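S.K.: Structure incoming, see below.
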Amino acid sequence: MTPILSEFKAMVRTRYIKPLLVFLAVAGPGIVTGSVDNDAGGITTYSVAGAKYGYDLLWTLLPCFVLLVVIQEMNARMGIKTGKGLADLIRENFGIKVMSFIFLCLLVANIGNTTAEFAGVAGSLQVFSLSKYWTVPLSAVLVWLLVVKENYGITERIFLLMSGFLLMYVASALLARPDWAAVGSAITHPRIKGDGEYLTITLGLIGTTIAPWMQFYMQSAVIEKGLTLKDYRYEKWDLVMGALATVVVAFFIMVACAATLNHAGIEIVEAKDAAAALKPLAGSWASLFFAAGLFVASIFSATILPLATSFYFCETFGLEAGLNKTWKQAPVFYWIFTFIIVISVALVLIPGAPLIRLTIWTQVLNGILLPVVLVCMMLMINNPDIMGAYTNHTLSNFVGWATILALTGLSLYLFLATLVQRL
């Protein structure tokens with residue numbers, strides 16, 4: 001082997017192969033968090049938005065991507081620098097009362113979210129004429145065994161594998177034969193409306209794309225994985241890929257529903273309606289891909305959402321938590337996880353339960369709660385006593401505070417508009 005060839009191989013290993021191997025070892029928290037964001041509640045919200053407004057709301061995904069990257073980067077940075085979860089930091093810096101209030105609100109929202117996931121399991125399999133009265137309990141048992149019986153490394157690999165299945169929505173949208181010129185026009189020349197329903201769905205889209213639970217899970221995940229400041233630059237690429245996965249899947253769900261349901265004048269109330277309605281409009285395969293994607297997303301999120309709740313409950317009250325711990329070492333962590341699954345499954349199995357209304361308003365509640373969580377984050381990440389030299393730079397502060405102001409203003413507008421209508 002010539003010296004030149006040896007130097008070339010060494011250069012390739014140093015510049016490309018070694019960084020790629022390090023990235024593959026670090027990757028996980030960002031991709032998993034972003035992929036889980038496209039849960040049953042999110043898919044329902046995206047489907048309803050596409051069916052009702054066509055391509056008009058696609059423009060919201062661009063700012064959502066930027067916000068998601070900036071906010072998740074702050075979570076990763078705080079977790080890696082402090083070695084503490086978000087709930088732990090809020091409790092230490094704002095007191096147990098503030099964290100308890102946030103926890104109670106998020107507990108209600110996450111029970112609603114998890115219920116929506118199991119409703120998504122039921123709905124996706126009902127497309128294949130399978131009864132929810134055995135598919136939902138069986139799915140819940142599988143979710144419970146995955147978390148309780150496996151360690152973090154194995155569970156994360158399964159999560160990453162499941163993330164790839166969400167790309168079935170790309171195939172579903174392509175089979176719907178959308179008008180790509182109209183898609184481009186809707187993104188570059190958005191038509192923003194001021195009516196209450198349009199703004200409610202917009203807030204729901206933001207609430208499901210950038211959900212409060214994500215901030216807690218992301219920060220806990222980088223700690224659980226044992227990432228250090230040496231891994232920080234690789235973790236940034238991980239979370240960018242996760243954010244990209246979120247908006248790409250959301251984009252194709254909205255496109256699929258806009259190109260078929262909106263074009264045919266069909267309005268829906270949940271994601272399974274979209275899967276069923278796609279069959280005569282775009283063919284059996286489009287319907288199959290949509291239903292299969294809904295099933296995978298629902299199982300995926302039904303695992304992560306109770307986990308996120310368990311993490312921040314234990315962090316709030318200083319209790320042991322983590323998938324690498326046994327039930328004996330972290331009993332409260334696993335009991336909270338089990339409790340949320342049992343309650344959610346029970347709600348899904350109640351005949352006539354208002355699951356659709358619960359799903360939509362849970363996403364709206366996420367949008368309302370998000371500014372509260374973000375204010376705490378922004379104050380802490382700009383505190384040098386907490387972050388040292390890793391405080392925010394100007395762009396992150398601008399995006400963070402602008403997001404808080406926009407969400408607060410939108411939530412306040414919707415509240416006042418609803419109040420005026422009822423008076």
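Numbering starts fresh at 1 for the residues of each chain in the structure tokens, the chains themselves are lettered A, B, ... in the order given, and ligands are numbered from 1 as they appear.
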Write out as a list in words which residues come within 10 Å of Ile340 (chain A) when counting only C-alpha atoms, dropping same-chain ones fewer than 6 positions away.

M.R.: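 Contacts, with the query itself left out: Leu107, Asn110, Ile111, Gly112, Thr114, Thr115, Ala302, Leu305, Pro306, Leu307, Thr309, Ser310 and Ala346 of chain A.
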
S.K.: Select, from A:Thr394, A:Thr228, A:Ser344, A:Thr200, the residue with the minimum atom-to-atom distance to Lys81 (chain A), counting only C-alpha atoms.

M.R.: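 Selected residue with least distance to Lys81 (chain A): A:Thr228.
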
S.K.: Given only C-alpha atoms as the basis, pick out the residue of A:Leu68, A:Ala406, A:Thr246, A:Ile350 nearest to Lys132 (chain A).

M.R.: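 That would be A:Ile350, the residue with the smallest distance to Lys132 (chain A).
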
S.K.: Between A:Ser100, A:Thr135, A:Ser287, A:Asn392, which has the minimum distance to Glu315 (chain A) (counting only C-alpha atoms)?

M.R.: A:Ser100

S.K.: Give me the residues near Phe251 (chain A) as a PyMOL selection string, where near means some atom within 10 Å (using only C-alpha atoms) and where sequence neighbours in that chain fewer than 3 positions away do not count.

M.R.: chain A and resi 46+50+55+57-62+169-170+173+183+245-248+254-256

S.K.: What is the distance between CA of Tyr217 (chain A) and CA of Val136 (chain A), in Å to one decimal?

M.R.: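 Between these atoms lies a distance of 24.3 Å.
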
S.K.: Would you list the contacts of Leu294 (chain A) as a PyMOL selection string, taking every protein, DNA or RNA residue within 10 Å and counting only C-alpha atoms, but skipping same-chain residues closer than 5 positions in sequence?

M.R.: chain A and resi 38-41+43-44+117+120-125+165-166+168-169+271-272+275+288-289+299-300

S.K.: Hey, which of A:Leu278, A:Met214, A:Ile341, A:Val399 ends up closest to Ala258 (chain A)? Count only C-alpha atoms.

M.R.: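 That would be A:Leu278, the residue with the smallest distance to Ala258 (chain A).
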